[in-house]
file input-v4.cif (mmCIF, C-alpha atoms)
data_coords
#
loop_
_atom_site.label_atom_id
_atom_site.label_comp_id
_atom_site.auth_asym_id
_atom_site.auth_seq_id
_atom_site.Cartn_x
_atom_site.Cartn_y
_atom_site.Cartn_z
CA MET A 1 119.85 72.12 81.43
CA THR A 2 118.29 71.75 84.88
CA VAL A 3 116.03 68.71 85.25
CA HIS A 4 112.79 69.39 87.10
CA GLN A 5 111.80 66.98 89.85
CA CYS A 6 108.10 66.56 90.55
CA ARG A 7 107.05 68.32 93.74
CA ALA A 8 105.02 65.27 94.77
CA CYS A 9 106.38 61.98 93.43
CA ARG A 10 109.94 63.18 92.60
CA GLY A 11 109.64 61.89 89.05
CA GLN A 12 111.58 63.71 86.34
CA ALA A 13 109.47 62.91 83.28
CA GLY A 14 106.89 65.48 82.30
CA ASP A 15 105.80 68.16 79.86
CA LEU A 16 105.74 71.94 79.80
CA VAL A 17 102.05 72.67 79.17
CA LEU A 18 101.82 76.43 79.71
CA ASP A 19 104.47 79.13 79.30
CA LEU A 20 103.51 82.73 80.10
CA GLY A 21 107.02 84.02 79.53
CA GLU A 22 108.70 86.52 81.83
CA GLN A 23 106.22 87.83 84.39
CA PRO A 24 106.52 90.01 87.51
CA ALA A 25 105.76 88.41 90.85
CA CYS A 26 102.04 89.05 91.15
CA ASP A 27 102.24 89.49 94.91
CA TYR A 28 104.73 92.34 94.53
CA PHE A 29 102.75 95.59 94.38
CA PRO A 30 105.09 98.60 94.09
CA GLN A 31 104.14 102.12 95.14
CA TRP A 32 102.20 103.83 92.35
CA ASP A 33 105.03 106.31 91.70
CA ASP A 34 107.77 103.66 91.66
CA PRO A 35 109.07 103.94 88.06
CA GLY A 36 110.30 100.34 87.90
CA PRO A 37 111.21 98.37 85.99
CA ASP A 38 109.80 95.52 88.06
CA PRO A 39 111.81 92.29 88.19
CA VAL A 40 110.38 89.50 86.05
CA TYR A 41 110.69 85.71 86.22
CA PRO A 42 109.66 82.73 84.08
CA LEU A 43 106.08 81.59 84.73
CA GLN A 44 105.47 78.05 83.50
CA MET A 45 103.25 75.03 84.28
CA TRP A 46 104.65 71.50 84.11
CA LEU A 47 102.60 68.28 84.07
CA CYS A 48 104.18 65.24 85.70
CA SER A 49 103.99 62.12 83.53
CA SER A 50 104.20 59.82 86.58
CA CYS A 51 101.61 61.15 89.05
CA GLY A 52 99.72 63.69 86.91
CA LEU A 53 100.29 66.68 89.19
CA ALA A 54 100.18 70.00 87.34
CA GLN A 55 102.68 72.30 89.01
CA LEU A 56 104.66 75.50 88.89
CA LEU A 57 107.94 74.72 87.18
CA ALA A 58 110.12 77.14 89.12
CA ASP A 59 109.66 80.05 91.50
CA PRO A 60 112.56 82.33 92.42
CA THR A 61 110.24 84.97 93.92
CA VAL A 62 109.82 85.93 97.57
CA PRO A 63 106.21 86.12 98.84
CA GLU A 64 105.22 89.57 100.07
CA GLU A 65 101.57 89.94 99.16
CA PRO A 66 99.42 92.65 100.73
CA LYS A 67 96.37 91.06 102.30
CA GLY A 68 93.26 91.05 100.17
CA ALA A 69 89.69 91.47 101.35
CA GLU A 70 87.82 88.18 101.71
CA PRO A 71 85.15 87.99 98.97
CA ALA A 72 81.58 87.40 100.12
CA ALA A 73 81.42 84.46 97.70
CA LEU A 74 84.30 82.76 99.53
CA ALA A 75 82.69 83.29 102.93
CA ALA A 76 79.35 81.97 101.67
CA GLN A 77 80.99 78.89 100.21
CA ALA A 78 82.79 78.21 103.51
CA ALA A 79 79.49 78.27 105.40
CA ASP A 80 77.90 75.99 102.80
CA ALA A 81 80.83 73.56 102.98
CA VAL A 82 80.84 73.39 106.77
CA GLY A 83 77.12 72.63 106.71
CA LYS A 84 77.59 69.79 104.22
CA VAL A 85 80.53 68.28 106.10
CA ALA A 86 78.59 68.47 109.38
CA ALA A 87 75.58 66.78 107.74
CA ALA A 88 77.91 63.94 106.75
CA GLY A 89 78.75 63.40 110.43
CA LEU A 90 82.39 64.48 110.17
CA LEU A 91 82.30 67.42 112.61
CA ALA A 92 81.62 66.00 116.06
CA PRO A 93 81.32 68.56 118.90
CA GLY A 94 84.45 68.49 121.04
CA ALA A 95 86.65 67.29 118.18
CA ARG A 96 90.04 68.98 117.91
CA VAL A 97 90.51 71.00 114.72
CA ALA A 98 93.60 72.44 113.05
CA GLU A 99 93.53 74.74 110.03
CA TYR A 100 96.07 75.31 107.29
CA GLY A 101 94.86 78.58 105.84
CA SER A 102 95.56 80.46 102.65
CA PRO A 103 97.81 83.54 102.79
CA HIS A 104 95.08 85.30 100.79
CA GLY A 105 92.82 85.38 103.84
CA GLY A 106 89.67 83.64 105.01
CA SER A 107 89.27 81.11 107.83
CA TRP A 108 86.74 78.43 108.76
CA LEU A 109 87.72 78.23 112.43
CA GLY A 110 84.91 80.50 113.58
CA LEU A 111 82.32 78.39 111.77
CA LEU A 112 83.79 75.20 113.21
CA ALA A 113 83.99 76.61 116.73
CA ASP A 114 80.29 77.51 116.45
CA ARG A 115 79.65 73.78 115.97
CA GLY A 116 81.59 72.87 119.09
CA LEU A 117 84.96 71.96 117.60
CA VAL A 118 88.04 73.00 119.56
CA PRO A 119 90.97 74.67 117.71
CA VAL A 120 94.45 73.39 118.59
CA GLY A 121 97.85 75.01 118.18
CA ALA A 122 100.48 74.55 115.49
CA GLY A 123 101.87 71.02 115.34
CA ALA A 124 99.27 69.52 117.70
CA GLU A 125 97.36 66.36 116.82
CA ALA A 126 93.83 67.00 115.54
CA ASP A 127 90.71 65.00 114.75
CA VAL A 128 89.83 67.35 111.90
CA ILE A 129 92.48 69.01 109.77
CA LEU A 130 91.21 71.62 107.36
CA ASP A 131 93.18 72.96 104.42
CA CYS A 132 91.32 75.54 102.35
CA PHE A 133 93.51 76.59 99.40
CA GLY A 134 96.54 76.35 101.69
CA ILE A 135 98.52 73.35 100.50
CA MET A 136 99.00 74.76 97.00
CA HIS A 137 101.38 77.31 98.54
CA ALA A 138 103.85 74.59 99.62
CA ALA A 139 106.85 74.19 97.31
CA ASP A 140 107.42 70.62 98.54
CA GLN A 141 104.05 69.00 98.00
CA ALA A 142 105.08 65.57 99.31
CA ALA A 143 106.32 67.07 102.56
CA ALA A 144 103.16 69.16 102.96
CA VAL A 145 100.88 66.13 102.65
CA ALA A 146 103.09 64.12 105.01
CA GLU A 147 102.96 66.89 107.61
CA ARG A 148 99.18 66.95 107.59
CA ALA A 149 98.96 63.17 107.72
CA ALA A 150 101.31 63.03 110.71
CA ARG A 151 99.07 65.41 112.69
CA LEU A 152 95.84 63.58 111.88
CA ALA A 153 94.55 61.54 114.82
CA PRO A 154 93.45 57.92 114.30
CA GLY A 155 89.93 57.99 112.90
CA GLY A 156 90.28 61.67 112.02
CA VAL A 157 89.54 63.38 108.71
CA LEU A 158 91.62 65.63 106.49
CA LEU A 159 89.57 68.13 104.48
CA LEU A 160 91.31 69.57 101.42
CA GLN A 161 89.67 72.29 99.34
CA TYR A 162 91.23 73.09 95.99
CA HIS A 163 90.57 74.68 92.61
CA TRP A 164 89.90 71.64 90.43
CA LEU A 165 92.27 71.09 87.48
CA ASP A 166 89.34 69.74 85.48
CA THR A 167 87.67 73.15 85.86
CA ILE A 168 90.85 75.02 84.96
CA VAL A 169 91.28 73.02 81.75
CA ARG A 170 87.63 72.99 80.64
CA ARG A 171 87.08 76.69 81.30
CA GLY A 172 90.43 77.86 79.99
CA GLN A 173 91.48 79.41 83.30
CA TRP A 174 95.11 79.78 82.31
CA ASN A 175 95.72 82.81 84.53
CA VAL A 176 95.35 80.81 87.74
CA LEU A 177 99.03 80.06 87.13
CA ARG A 178 101.07 82.34 89.34
CA HIS A 179 104.25 82.45 91.34
CA GLY A 180 103.67 81.09 94.85
CA HIS A 181 100.97 78.65 93.69
CA TYR A 182 102.96 75.46 93.33
CA ALA A 183 100.29 72.88 92.47
CA TYR A 184 97.00 72.52 90.55
CA TYR A 185 95.15 69.38 91.57
CA SER A 186 93.13 66.66 89.97
CA ALA A 187 91.47 64.08 92.22
CA ALA A 188 93.63 61.44 90.54
CA ALA A 189 96.88 63.22 91.38
CA LEU A 190 95.74 63.96 94.94
CA THR A 191 94.78 60.31 95.46
CA ARG A 192 98.35 59.29 94.60
CA MET A 193 99.81 61.98 96.86
CA LEU A 194 97.59 60.95 99.78
CA ALA A 195 98.40 57.28 99.30
CA ALA A 196 102.11 58.02 99.72
CA ALA A 197 101.27 59.42 103.19
CA GLY A 198 98.99 56.54 104.18
CA LEU A 199 95.73 58.38 103.46
CA SER A 200 92.81 57.63 101.17
CA PRO A 201 89.99 59.85 99.87
CA THR A 202 86.57 58.80 101.13
CA THR A 203 84.08 61.42 99.93
CA SER A 204 83.93 64.83 98.26
CA TRP A 205 81.78 67.87 97.58
CA ARG A 206 81.81 70.19 94.58
CA PHE A 207 81.11 73.94 94.67
CA PRO A 208 80.72 76.57 91.92
CA LEU A 209 83.34 78.88 93.47
CA TYR A 210 86.00 79.92 90.89
CA GLY A 211 84.05 77.99 88.27
CA GLY A 212 84.46 74.69 90.11
CA THR A 213 86.22 73.76 93.34
CA VAL A 214 86.36 70.48 95.25
CA LEU A 215 86.42 69.69 98.96
CA LEU A 216 87.96 66.25 99.40
CA ALA A 217 87.79 64.24 102.64
CA ALA A 218 90.55 61.71 103.39
CA ARG A 219 91.28 59.32 106.25
CA HIS A 220 94.11 57.07 107.37
CA ASP A 221 94.21 53.76 105.52
CA ALA A 222 92.10 51.07 107.18
CA GLY A 223 94.05 48.40 109.06
CA ALA A 224 97.53 47.72 107.73
CA PRO A 225 99.38 50.35 105.68
CA GLY A 226 98.45 50.07 102.04
CA SER A 227 94.89 48.99 102.81
CA PRO A 228 93.01 52.04 101.54
CA CYS A 229 89.55 53.11 102.63
CA GLN A 230 87.00 52.75 99.88
CA PRO A 231 85.88 56.00 98.23
CA ASP A 232 82.19 56.68 97.71
CA GLY A 233 80.48 57.55 94.46
CA THR A 234 81.33 61.25 94.64
CA VAL A 235 85.05 60.45 94.38
CA THR A 236 84.61 57.96 91.57
CA GLU A 237 82.55 60.58 89.71
CA LEU A 238 85.42 63.08 90.03
CA LEU A 239 87.85 60.54 88.62
CA ALA A 240 85.49 59.66 85.76
CA ALA A 241 85.01 63.34 84.87
CA GLU A 242 88.77 63.87 84.80
CA ALA A 243 89.22 60.87 82.52
CA ARG A 244 86.69 62.36 80.10
CA THR A 245 88.39 65.76 80.11
CA GLY A 246 91.88 64.27 79.82
CA VAL A 247 93.64 66.16 82.63
CA ARG A 248 96.64 63.81 82.41
CA ASP A 249 97.10 64.42 78.68
CA PRO A 250 99.69 67.16 78.06
CA ALA A 251 98.06 67.96 74.72
CA VAL A 252 94.74 68.63 76.47
CA VAL A 253 96.18 70.64 79.37
CA GLY A 254 98.39 72.43 76.85
CA GLY A 255 95.24 73.98 75.40
CA LEU A 256 95.65 76.55 78.17
CA GLN A 257 98.38 78.13 76.04
CA ARG A 258 95.86 78.82 73.28
CA ASP A 259 93.38 80.15 75.83
CA ALA A 260 96.00 82.59 77.13
CA ARG A 261 96.66 84.06 73.70
CA THR A 262 92.95 84.27 72.87
CA ARG A 263 91.89 86.01 76.05
CA ALA A 264 94.79 88.44 76.12
CA SER A 265 94.08 89.47 72.55
CA ALA A 266 90.34 89.83 73.24
CA LEU A 267 90.95 92.10 76.24
CA HIS A 268 93.39 94.35 74.39
CA ASP A 269 91.15 94.67 71.34
CA TRP A 270 88.03 95.44 73.37
CA LEU A 271 89.80 98.09 75.45
CA ALA A 272 91.22 99.65 72.28
CA VAL A 273 87.75 99.91 70.75
CA MET A 274 86.38 101.48 73.93
CA ALA A 275 89.25 103.99 74.05
CA GLU A 276 88.73 104.92 70.38
CA ALA A 277 85.06 105.52 71.16
CA GLY A 278 86.09 107.87 73.98
CA LYS A 279 84.65 105.64 76.71
CA THR A 280 86.44 105.34 80.06
CA VAL A 281 87.04 101.78 81.25
CA LEU A 282 88.39 100.96 84.69
CA GLY A 283 89.11 97.62 86.34
CA TYR A 284 88.03 96.01 89.60
CA SER A 285 90.00 93.56 91.76
CA ALA A 286 93.78 93.84 91.78
CA ALA A 287 93.95 90.07 92.06
CA SER A 288 96.94 87.94 91.21
CA ARG A 289 95.20 86.54 88.14
CA ALA A 290 94.96 90.02 86.61
CA VAL A 291 98.72 90.55 86.56
CA ALA A 292 99.71 88.06 83.85
CA LEU A 293 96.59 88.88 81.81
CA LEU A 294 97.36 92.61 81.66
CA ARG A 295 101.02 92.05 80.84
CA LEU A 296 100.31 89.39 78.22
CA ALA A 297 97.68 91.65 76.66
CA GLY A 298 100.03 94.64 76.59
CA VAL A 299 97.56 96.74 78.59
CA ASP A 300 98.78 99.80 80.50
CA ARG A 301 97.36 103.11 81.74
CA ASP A 302 96.52 104.32 78.27
CA LEU A 303 93.87 101.59 77.90
CA LEU A 304 93.06 100.92 81.58
CA PRO A 305 93.71 104.02 83.72
CA ALA A 306 93.15 102.32 87.10
CA VAL A 307 92.01 99.17 88.89
CA ALA A 308 89.94 99.43 92.07
CA ASP A 309 90.23 97.01 94.97
CA ALA A 310 88.39 96.61 98.27
CA SER A 311 91.61 96.02 100.20
CA PRO A 312 92.94 99.29 101.70
CA ALA A 313 96.40 97.65 101.82
CA LYS A 314 96.58 97.87 98.02
CA HIS A 315 95.49 101.49 97.61
CA GLY A 316 98.31 103.74 96.46
CA LEU A 317 100.14 100.82 94.90
CA ARG A 318 100.17 99.75 91.26
CA ILE A 319 99.67 96.52 89.33
CA PRO A 320 103.10 94.87 88.99
CA GLY A 321 104.57 95.01 85.51
CA THR A 322 102.38 97.98 84.57
CA ALA A 323 101.88 101.64 85.50
CA ILE A 324 98.21 101.00 86.37
CA PRO A 325 97.44 102.36 89.87
CA VAL A 326 95.21 100.61 92.39
CA ILE A 327 92.46 102.90 93.65
CA SER A 328 89.65 102.70 96.21
CA PRO A 329 86.10 101.71 95.26
CA ALA A 330 85.01 105.24 96.22
CA GLU A 331 87.31 106.70 93.57
CA LEU A 332 86.06 104.12 91.07
CA THR A 333 82.44 105.21 91.45
CA ALA A 334 83.38 108.89 91.49
CA ARG A 335 84.91 108.56 88.02
CA THR A 336 81.59 107.24 86.56
CA PRO A 337 83.23 104.85 84.07
CA ALA A 338 81.38 103.60 81.02
CA ALA A 339 82.47 100.06 81.94
CA VAL A 340 84.30 98.23 84.70
CA VAL A 341 86.24 95.07 83.85
CA LEU A 342 85.91 92.57 86.68
CA PHE A 343 88.97 90.34 86.95
CA VAL A 344 87.39 87.91 89.45
CA PRO A 345 83.99 86.91 88.01
CA ASP A 346 82.89 85.29 91.31
CA LEU A 347 82.55 88.83 92.67
CA MET A 348 79.92 89.88 90.10
CA ALA A 349 76.85 89.69 92.37
CA GLU A 350 78.79 91.20 95.25
CA VAL A 351 80.09 94.25 93.37
CA ARG A 352 76.79 94.99 91.65
CA HIS A 353 75.13 95.09 95.06
CA ALA A 354 77.95 97.05 96.71
CA TYR A 355 78.36 99.69 93.99
CA PRO A 356 74.98 100.35 92.36
CA GLU A 357 76.29 103.77 91.29
CA ILE A 358 78.08 102.16 88.34
CA GLU A 359 74.90 101.04 86.60
CA ALA A 360 72.85 103.96 87.92
CA SER A 361 75.17 106.31 86.02
CA GLY A 362 74.85 104.28 82.81
CA GLY A 363 77.96 102.15 83.21
CA ARG A 364 78.20 98.39 83.11
CA TRP A 365 80.18 95.55 84.64
CA VAL A 366 82.14 93.39 82.21
CA ASP A 367 83.22 89.82 82.94
CA GLY A 368 86.95 89.94 82.20
CA ASP A 369 87.00 86.17 81.74
CA GLY A 370 84.41 86.23 78.99
CA LEU A 371 85.33 88.90 76.44
CA PRO A 372 84.81 87.32 73.01
CA ALA A 373 87.68 87.04 70.55
CA GLY A 374 87.05 88.74 67.24
CA ASP A 375 84.02 90.72 68.49
CA PRO A 376 85.30 93.61 70.59
CA ALA A 377 82.40 95.97 69.97
CA PRO A 378 81.01 97.62 73.12
CA GLY A 379 77.68 96.20 74.27
CA SER A 380 74.70 97.72 76.01
CA ALA A 381 74.47 98.98 79.56
CA GLY A 382 74.23 96.51 82.43
CA VAL A 383 76.29 93.36 82.89
CA GLU A 384 78.26 92.21 79.88
CA GLN A 385 79.12 88.51 80.04
CA HIS A 386 80.08 86.20 77.23
CA ALA A 387 80.89 82.54 76.92
CA LYS A 388 84.60 81.86 77.14
CA PRO A 389 86.24 80.99 73.82
CA ARG A 390 87.56 77.44 73.55
#
call {"tool": "encode", "arguments": {"input": "input-v4.cif", "output": "structure tokens"}}
result
Amino acid sequence: MTVHQCRACRGQAGDLVLDLGEQPACDYFPQWDDPGPDPVYPLQMWLCSSCGLAQLLADPTVPEEPKGAEPAALAAQAADAVGKVAAAGLLAPGARVAEYGSPHGGSWLGLLADRGLVPVGAGAEADVILDCFGIMHAADQAAAVAERAARLAPGGVLLLQYHWLDTIVRRGQWNVLRHGHYAYYSAAALTRMLAAAGLSPTTSWRFPLYGGTVLLAARHDAGAPGSPCQPDGTVTELLAAEARTGVRDPAVVGGLQRDARTRASALHDWLAVMAEAGKTVLGYSAASRAVALLRLAGVDRDLLPAVADASPAKHGLRIPGTAIPVISPAELTARTPAAVVLFVPDLMAEVRHAYPEIEASGGRWVDGDGLPAGDPAPGSAGVEQHAKPR
């Protein structure tokens, strides 16, 4: 039996807290007429007993994701975040800035350049280092933090934005687990990781994106190594919230396994009821989080004939592990579905504004994260959103 070594602290003690079985690589979108079968791999989350980092247990896949379209919600949050960081005095005009971006798209460099910051090339020292959902894509988490710390100029600030593990656990967001996403952060785990590289968190901001994300600011330790900067109240509040939720307790984080079963069953049952009633349901957003959900729920073209996506790079492809094709938004509206399941709830306001034809023709948007277990009956026209089962 292979022993897993923590991607951050190298410890070997930990617990398997979420096992989604054999899943296709969710960044592998075959052509729609490719008969498959698609290769599948274990998809599991492991919680380190030593440092508390939740992480992908293993990943034998090769990244090859077609670029997605940047959601308006992500762009709006970036502008909001830059404004808050600037108000805190951390974005001085003329400061050198380096960005570690996400392969899923989106960049803050334009916003920072508008405030007078000067982008620098790969490997160059910087006064501000920004990482927006980038570091989670590094298999070696310790090395990734060390690399960023080494580039940070004296007196500079590292800004790390991440999907908060506290959010993931409280809201049952089990399908954030995917190949290529190697780590899921709590402030407590990140504090330990930063300390190993001579950095300390100093302040933070929370945003509603993805149900709850955090932007954490860190600096080099004051004075001698091992003399950490003191965090402000926003950081201590993050740590206190995590202690209340229990994000280091494998039994608590392991509740994601129950959430996976509940949501997959709810989706399948609701789609089956809609199909029996003769109502056409389509999906929107061929996002990575939809892949494991559809496979776990046993949903294919008979229950969900197509999923639309704004990214032209995905049109003509299909959802991995299924025969469900990815179509354009124009084709989605032309089919006048009775309901559209939205697999990324943050897009709700955006898609309702962009595609008013859905509701104008009597259809409705359905929050795919909120379908209720045990109550799959179709609702009324408009937006159908339910509290997540816990």
call {"tool": "resolve_selection", "arguments": {"input": "input-v4.cif", "expression": "the PyMOL selection byres ((chain A and resi 327) around 8)", "output": "ChimeraX atom specification"}}
result
/A:306-309,314-316,325-326,328-329,331-332
call {"tool": "closest_residue", "arguments": {"input": "input-v4.cif", "among": "A:Leu209, A:Leu199, A:Val214, A:Ala339", "to": "Cys229 in chain A", "atoms": "all atoms listed in the file"}}
result
A:Leu199
call {"tool": "resolve_selection", "arguments": {"input": "input-v4.cif", "expression": "the PyMOL selection byres ((chain A and resi 186) around 12)", "output": "PyMOL selection string"}}
result
chain A and resi 47-48+51-55+160-169+183-185+187-193+212-216+235+238-243+245-248+253
call {"tool": "closest_residue", "arguments": {"input": "input-v4.cif", "among": "A:Ile319, A:Ile324, A:Val252, A:Cys9", "to": "Leu282 in chain A", "atoms": "only C-alpha atoms"}}
result
A:Ile324
call {"tool": "resolve_selection", "arguments": {"input": "input-v4.cif", "expression": "the PyMOL selection byres ((chain A and resi 70-83) around 8)", "output": "number ranges by chain"}}
result
A: 68-69, 84-87, 104-106, 108, 111-112, 205, 207, 209, 215, 346-347, 350
call {"tool": "write_last_selection", "arguments": {"input": "input-v4.cif", "atoms": "C-alpha atoms", "output": "tab-separated table (two decimals), in the frame of the given file"}}
result
chain	number	residue	atom	x	y	z
A	68	GLY	CA	93.26	91.05	100.17
A	69	ALA	CA	89.69	91.47	101.35
A	84	LYS	CA	77.59	69.79	104.22
A	85	VAL	CA	80.53	68.28	106.10
A	86	ALA	CA	78.59	68.47	109.38
A	87	ALA	CA	75.58	66.78	107.74
A	104	HIS	CA	95.08	85.30	100.79
A	105	GLY	CA	92.82	85.38	103.84
A	106	GLY	CA	89.67	83.64	105.01
A	108	TRP	CA	86.74	78.43	108.76
A	111	LEU	CA	82.32	78.39	111.77
A	112	LEU	CA	83.79	75.20	113.21
A	205	TRP	CA	81.78	67.87	97.58
A	207	PHE	CA	81.11	73.94	94.67
A	209	LEU	CA	83.34	78.88	93.47
A	215	LEU	CA	86.42	69.69	98.96
A	346	ASP	CA	82.89	85.29	91.31
A	347	LEU	CA	82.55	88.83	92.67
A	350	GLU	CA	78.79	91.20	95.25
call {"tool": "atom_distance", "arguments": {"input": "input-v4.cif", "atom1": "CA of Pro93 in chain A", "atom2": "CA of Arg115 in chain A"}}
result
6.2 Å
call {"tool": "residues_around", "arguments": {"input": "input-v4.cif", "residues": "Asp19 in chain A", "least_positions_apart": "4", "cutoff": "7 Å", "atoms": "only C-alpha atoms", "output": "ChimeraX atom specification"}}
result
/A:43-45,257
call {"tool": "write_last_selection", "arguments": {"input": "input-v4.cif", "atoms": "C-alpha atoms", "output": "PDB file, in the frame of the given file"}}
result
ATOM      1  CA  LEU A  43     106.080  81.590  84.730  1.00  0.00           C
ATOM      2  CA  GLN A  44     105.470  78.050  83.500  1.00  0.00           C
ATOM      3  CA  MET A  45     103.250  75.030  84.280  1.00  0.00           C
ATOM      4  CA  GLN A 257      98.380  78.130  76.040  1.00  0.00           C
TER       5      GLN A 257
END
call {"tool": "atom_distance", "arguments": {"input": "input-v4.cif", "atom1": "CA of Gly321 in chain A", "atom2": "CA of Glu276 in chain A"}}
result
24.0 Å
call {"tool": "atom_distance", "arguments": {"input": "input-v4.cif", "atom1": "CA of Ala25 in chain A", "atom2": "CA of Pro320 in chain A"}}
result
7.2 Å
call {"tool": "closest_residue", "arguments": {"input": "input-v4.cif", "among": "A:Phe29, A:Thr203, A:Gly121, A:Asp59", "to": "Ala286 in chain A", "atoms": "all atoms listed in the file"}}
result
A:Phe29
call {"tool": "residues_around", "arguments": {"input": "input-v4.cif", "residues": "Asp300 in chain A", "least_positions_apart": "5", "cutoff": "9 Å", "atoms": "only C-alpha atoms", "output": "list in words"}}
result
Leu294, Arg295, Pro305, Thr322, Ala323 and Ile324 of chain A
call {"tool": "residues_near_point", "arguments": {"input": "input-v4.cif", "point": "(86.0, 100.1, 84.1)", "cutoff": "6 Å", "atoms": "all atoms listed in the file", "output": "MDAnalysis selection string"}}
result
chainID A and resid 281:283 337 339:341
call {"tool": "residues_around", "arguments": {"input": "input-v4.cif", "residues": "Ala144 in chain A", "least_positions_apart": "6", "cutoff": "12 Å", "atoms": "only C-alpha atoms", "output": "PyMOL selection string"}}
result
chain A and resi 7-8+100+131+134-138+150-151+160+182-183+193-194+196-197
call {"tool": "closest_residue", "arguments": {"input": "input-v4.cif", "among": "A:Val176, A:Ala149, A:Ala260, A:Leu109", "to": "Gly123 in chain A", "atoms": "all atoms listed in the file"}}
result
A:Ala149
call {"tool": "closest_residue", "arguments": {"input": "input-v4.cif", "among": "A:Leu20, A:Leu177, A:Cys6, A:Ala310", "to": "Ala297 in chain A", "atoms": "all atoms listed in the file"}}
result
A:Leu20
call {"tool": "closest_residue", "arguments": {"input": "input-v4.cif", "among": "A:Thr2, A:Gln31, A:Ser49, A:Ser102", "to": "Asp15 in chain A", "atoms": "all atoms listed in the file"}}
result
A:Ser49
call {"tool": "residues_around", "arguments": {"input": "input-v4.cif", "residues": "Ala98 in chain A", "least_positions_apart": "2", "cutoff": "7 Å", "atoms": "all atoms listed in the file", "output": "list in words"}}
result
Arg96, Tyr100, Pro119, Val120, Ala126, Val128, Ile129 and Leu130 of chain A
